[in-house]
Amino acid sequence: MSSQIVSLDSLMASPSRARGGCASSTSCGSSALPADIEPAVWEKIKDHPCYSEEAHHYFARMHVAVAPACNIQCNYCNRKYDCSNESRPGVVSERLTPDEALRKVVAVAAAVPELSVLGIAGPGDALANWKNTRATFEAVRKAIPDIKFCISTNGLALPDHVDEIADMAIDHVTITINAVDPEIGAKIYPWIFFDHKRRTGPEAATILLERQMRGLEMLTARSILVKVNSVMIPGINDDHLPEVNRAVRARGAFLHNIMPLISDPAHGTHFGLTGQRGPTPAELKTLQDRLDGGAKLMRHCRQCRADAIGLLGEDRGQDFTLEKLPETVAYDPAPRQAYRAFVAAERGDRDAARDDALRSVGAVADDVRVLVAVATKGGARVNEHFGHAREFQVFEAGPQGIVLVGHRKVDAYCMGGFGEDATLGPTIAALTGIDTVLCAKVGDCPREALLDAGITVTDAHAYDYIETAIGKVYAERFGRASAYA
Ligand code: CLF
Ligand code: SF4
């Protein structure tokens with residue numbers, strides 16, 4: 001069996017599997033483990049990389065771009081590109097027919113044992129293209145019965161499709177809700193197309209917001225898990241998002257994902273062309289911290305594209321374009337089943353290690369919090385070289401626990417075996433505010449350059465579980481090294 005994404009062999013060969021007693025796991029948003037949540041809900045999220053932060057270390061999603069049309073206009077969207085309610089603007093997906101989508105899903109499932117979820121997230125709106133969306137899911141269900149289905153929508157057409165969504169066992173729906181106040185909504189949505197007419201201004205926003213809320217209530221009444229995405233737009237809805245958080249929580253949303261507006265004149269969007277800026281990472285984190293205690297937050301979103309394939313931190317979509325697909329593929333379920341069995345065993349091991357680490361940081365009396373960036377290619381381990389990393393996962397460590405708070409994207413420093421000095425400056429800038437970087441290997445040159453910028457980088461904890469490594473660093477720094485003796 002060969003894995004295209006995370007090598008199962010390399011995960012199994014990883015050294016240093018910490019073991020320990022079982023303290024109570026802290027529940028942290030979507031990283032909650034079975035002890036913290038109802039078994040029926042865990043069954044739905046345990047293999048879903050977006051609905052469970054813990055699962056995102058192990059499982060992959062793929063999107064098929066079968067939904068080109070849209071029934072509304074968002075000021076952060078240019079129709080040339082993918083739906084930016086779920087994707088980075090400025091990237092274009094290869095549009096597929098349902099037949100082409102089926103061929104692609106079968107090919108990916110045969111090559112990527114980590115695959116667990118098929119999502120339809122554009123490039124327009126999944127429900128504005130319901131015929132294609134439904135035909136795709138029906139065909140895939142026959143070919144790969146155990147794959148989970150997921151859709152992302154602006155919500156306008158949602159109340160009309162909830163019964164079919166439930167009948168088709170689509171257990172996960174994302175609705176983008178940027179406002180609950182039509183006056184604010186009118187600054188984000190210039191028009192909608194509803195009931196055979198184009199509507200504008202507060203009237204359009206009123207209809208859209210009412211249908212989003214109704215759709216949310218209808219889904220949760222059917223026990224379908226709903227994630228709400230909100231695009232954070234400084235000066236327009238940033239102060240309003242706590243109210244959105246309260247409103248969606250009251251209606252049973254499972255997760256709330258605050259996505260930073262990505263705005264660039266080159267994308268040709270209204271906001272890009274009028275100079276509307278996106279939030280800084282610090283502004284995003286401040287808002288997320290403010291929302292803690294409300295609807296559970298998703299903090300590991302990667303704003304992936306409408307044809308993304310792989311673990312959330314990577315995108316192998318370009319390896320599976322139509323021209324690269326074989327004409328016929330024989331799908332063998334055995335590799336995916338074997339991978340799930342491996343993850344089940346690995347999870348128990350990691351859970352114990354995580355409890356040890358949480359006990360260790362919790363033993364530090366002072367409320368010292370530090371941000372630690374981790375280079376990882378999956379499996380919840382420190383297992384990526386500094387020079388190969390295209391993103392770092394960022395964890396906040398302190399007596400309250402070890403919590404994933406985001407990620408920082410970078411260009412890989414090492415190209416063809418040599419360090420690329422031109423990328424080092426931007427990488428250091430991207431790591432602003434980080435105390436320590438953990439990776440599987442790092443050279444002297446980047447190590448010294450980061451140290452000059454006040455950032456420690458170490459490969460001393462290579463292949464440890466992430467929480468184990470962070471716990472050791474934290475305890476050593478703040479006087480509790482004996483916790484790991
Ligand atoms: Fe895709 Fe979205 Fe389903 Fe995930 S993505 S349709 S819920 S399977 Fe995930 Fe990507 Fe973020 Fe979306 S990381 S943009 S939240
Ligand atoms: Fe664009 Fe998505 Fe908004 Fe439609 S819903 S206008 S595709 S961002």
# chains A, B, ... in the order shown; residues from 1 in each chain; ligands from 1
call {"tool": "residues_near_ligand", "arguments": {"ligand": "ligand 1", "cutoff": "7 Å", "atoms": "only C-alpha atoms and all ligand atoms", "output": "list in words"}}
result
Pro49, Cys50, Tyr51, Arg61, Met62, His63, Glu86, Ser87, Val117, Leu118, Gly119, Ile120, Ala121, Cys150, Ile151, Ser152, His172, Thr174, His300, Cys301, Arg302, Gln303, Cys304 and Leu312 of chain A
call {"tool": "residues_near_ligand", "arguments": {"ligand": "ligand 2", "cutoff": "6 Å", "atoms": "only C-alpha atoms and all ligand atoms", "output": "list in words"}}
result
Cys70, Ile72, Gln73, Cys74, Cys77, Arg79, Cys83, Ser84, Asn85, Gly124, Asp125 and Asn154 of chain A
call {"tool": "select_by_dssp", "arguments": {"residues": "stretch 348-473 of chain A", "states": "alpha helix (DSSP H)", "output": "ChimeraX atom specification"}}
result
/A:348-362,421-430,444-452,466-473
call {"tool": "write_last_selection", "arguments": {"atoms": "C-alpha atoms", "output": "PDB file, in the first residue's frame"}}
result
ATOM      1  CA  GLY A 348      -5.435   5.553  22.064  1.00  0.00           C
ATOM      2  CA  ASP A 349      -1.680   5.931  22.300  1.00  0.00           C
ATOM      3  CA  ARG A 350      -1.735   9.626  21.489  1.00  0.00           C
ATOM      4  CA  ASP A 351      -4.588  10.265  23.896  1.00  0.00           C
ATOM      5  CA  ALA A 352      -2.521   8.936  26.790  1.00  0.00           C
ATOM      6  CA  ALA A 353       0.505  10.989  25.705  1.00  0.00           C
ATOM      7  CA  ARG A 354      -1.663  14.072  25.418  1.00  0.00           C
ATOM      8  CA  ASP A 355      -3.001  13.603  28.939  1.00  0.00           C
ATOM      9  CA  ASP A 356       0.571  13.397  30.229  1.00  0.00           C
ATOM     10  CA  ALA A 357       1.488  16.605  28.454  1.00  0.00           C
ATOM     11  CA  LEU A 358      -1.577  18.449  29.744  1.00  0.00           C
ATOM     12  CA  ARG A 359      -0.792  17.376  33.300  1.00  0.00           C
ATOM     13  CA  SER A 360       2.718  18.670  32.853  1.00  0.00           C
ATOM     14  CA  VAL A 361       1.815  22.153  31.616  1.00  0.00           C
ATOM     15  CA  GLY A 362      -1.017  22.355  34.127  1.00  0.00           C
ATOM     16  CA  ASP A 421      17.652  32.483   1.469  1.00  0.00           C
ATOM     17  CA  ALA A 422      15.028  34.598  -0.274  1.00  0.00           C
ATOM     18  CA  THR A 423      12.253  32.713   1.544  1.00  0.00           C
ATOM     19  CA  LEU A 424      13.796  32.965   4.994  1.00  0.00           C
ATOM     20  CA  GLY A 425      12.876  36.625   5.614  1.00  0.00           C
ATOM     21  CA  PRO A 426       9.186  36.115   4.770  1.00  0.00           C
ATOM     22  CA  THR A 427       9.145  32.900   6.842  1.00  0.00           C
ATOM     23  CA  ILE A 428      10.528  34.727   9.862  1.00  0.00           C
ATOM     24  CA  ALA A 429       7.951  37.498   9.322  1.00  0.00           C
ATOM     25  CA  ALA A 430       5.190  34.862   9.124  1.00  0.00           C
ATOM     26  CA  ASP A 444      22.375  25.771  11.339  1.00  0.00           C
ATOM     27  CA  CYS A 445      21.694  28.664   8.972  1.00  0.00           C
ATOM     28  CA  PRO A 446      17.923  28.964   9.506  1.00  0.00           C
ATOM     29  CA  ARG A 447      18.345  28.088  13.186  1.00  0.00           C
ATOM     30  CA  GLU A 448      20.670  31.050  13.711  1.00  0.00           C
ATOM     31  CA  ALA A 449      18.588  33.433  11.595  1.00  0.00           C
ATOM     32  CA  LEU A 450      15.478  32.590  13.628  1.00  0.00           C
ATOM     33  CA  LEU A 451      17.379  32.960  16.877  1.00  0.00           C
ATOM     34  CA  ASP A 452      18.473  36.451  15.794  1.00  0.00           C
ATOM     35  CA  ILE A 466       2.892  17.309  19.103  1.00  0.00           C
ATOM     36  CA  GLU A 467       1.480  17.754  22.608  1.00  0.00           C
ATOM     37  CA  THR A 468       4.271  15.633  24.105  1.00  0.00           C
ATOM     38  CA  ALA A 469       6.909  17.808  22.429  1.00  0.00           C
ATOM     39  CA  ILE A 470       5.227  21.043  23.453  1.00  0.00           C
ATOM     40  CA  GLY A 471       4.758  19.767  27.003  1.00  0.00           C
ATOM     41  CA  LYS A 472       8.475  18.990  27.258  1.00  0.00           C
ATOM     42  CA  VAL A 473       9.528  22.370  25.877  1.00  0.00           C
TER      43      VAL A 473
END
call {"tool": "closest_residue", "arguments": {"among": "A:Ala282, A:Ala453, A:Val370, A:Val231", "to": "A:Ile262", "atoms": "only C-alpha atoms"}}
result
A:Val231
call {"tool": "closest_residue", "arguments": {"among": "A:Gly252, A:Pro265, A:Gly122, A:Pro335", "to": "A:Ser223", "atoms": "only C-alpha atoms"}}
result
A:Gly252
call {"tool": "residues_around", "arguments": {"residues": "stretch 191-197 of chain A", "least_positions_apart": "2", "cutoff": "10 Å", "atoms": "only C-alpha atoms", "output": "JSON, numbers by chain"}}
result
{"A": [70, 71, 72, 73, 74, 75, 156, 157, 186, 188, 189, 199, 200, 201, 202, 203, 204, 205, 207, 208]}
call {"tool": "write_last_selection", "arguments": {"atoms": "C-alpha atoms", "output": "PDB file, in the first residue's frame"}}
result
ATOM      1  CA  CYS A  70     -24.337  30.950  -7.740  1.00  0.00           C
ATOM      2  CA  ASN A  71     -27.591  32.581  -6.689  1.00  0.00           C
ATOM      3  CA  ILE A  72     -26.162  35.534  -4.748  1.00  0.00           C
ATOM      4  CA  GLN A  73     -23.276  37.985  -4.969  1.00  0.00           C
ATOM      5  CA  CYS A  74     -20.819  38.511  -2.123  1.00  0.00           C
ATOM      6  CA  ASN A  75     -18.573  41.576  -2.153  1.00  0.00           C
ATOM      7  CA  LEU A 156     -30.370  30.890   0.224  1.00  0.00           C
ATOM      8  CA  ALA A 157     -31.710  27.653  -1.296  1.00  0.00           C
ATOM      9  CA  ALA A 186     -26.478  44.735   2.839  1.00  0.00           C
ATOM     10  CA  ILE A 188     -21.696  42.386   2.185  1.00  0.00           C
ATOM     11  CA  TYR A 189     -24.302  41.163  -0.327  1.00  0.00           C
ATOM     12  CA  ARG A 199     -33.268  41.683  -5.123  1.00  0.00           C
ATOM     13  CA  THR A 200     -30.902  44.261  -3.712  1.00  0.00           C
ATOM     14  CA  GLY A 201     -30.075  46.204  -0.538  1.00  0.00           C
ATOM     15  CA  PRO A 202     -31.586  45.407   2.876  1.00  0.00           C
ATOM     16  CA  GLU A 203     -34.481  43.539   1.216  1.00  0.00           C
ATOM     17  CA  ALA A 204     -32.012  41.044  -0.284  1.00  0.00           C
ATOM     18  CA  ALA A 205     -30.111  40.693   2.978  1.00  0.00           C
ATOM     19  CA  ILE A 207     -34.428  37.316   2.723  1.00  0.00           C
ATOM     20  CA  LEU A 208     -30.982  35.707   2.729  1.00  0.00           C
TER      21      LEU A 208
END
call {"tool": "residues_around", "arguments": {"residues": "stretch 412-415 of chain A", "least_positions_apart": "5", "cutoff": "7 Å", "atoms": "only C-alpha atoms", "output": "PyMOL selection string"}}
result
chain A and resi 387-390+420+423-424
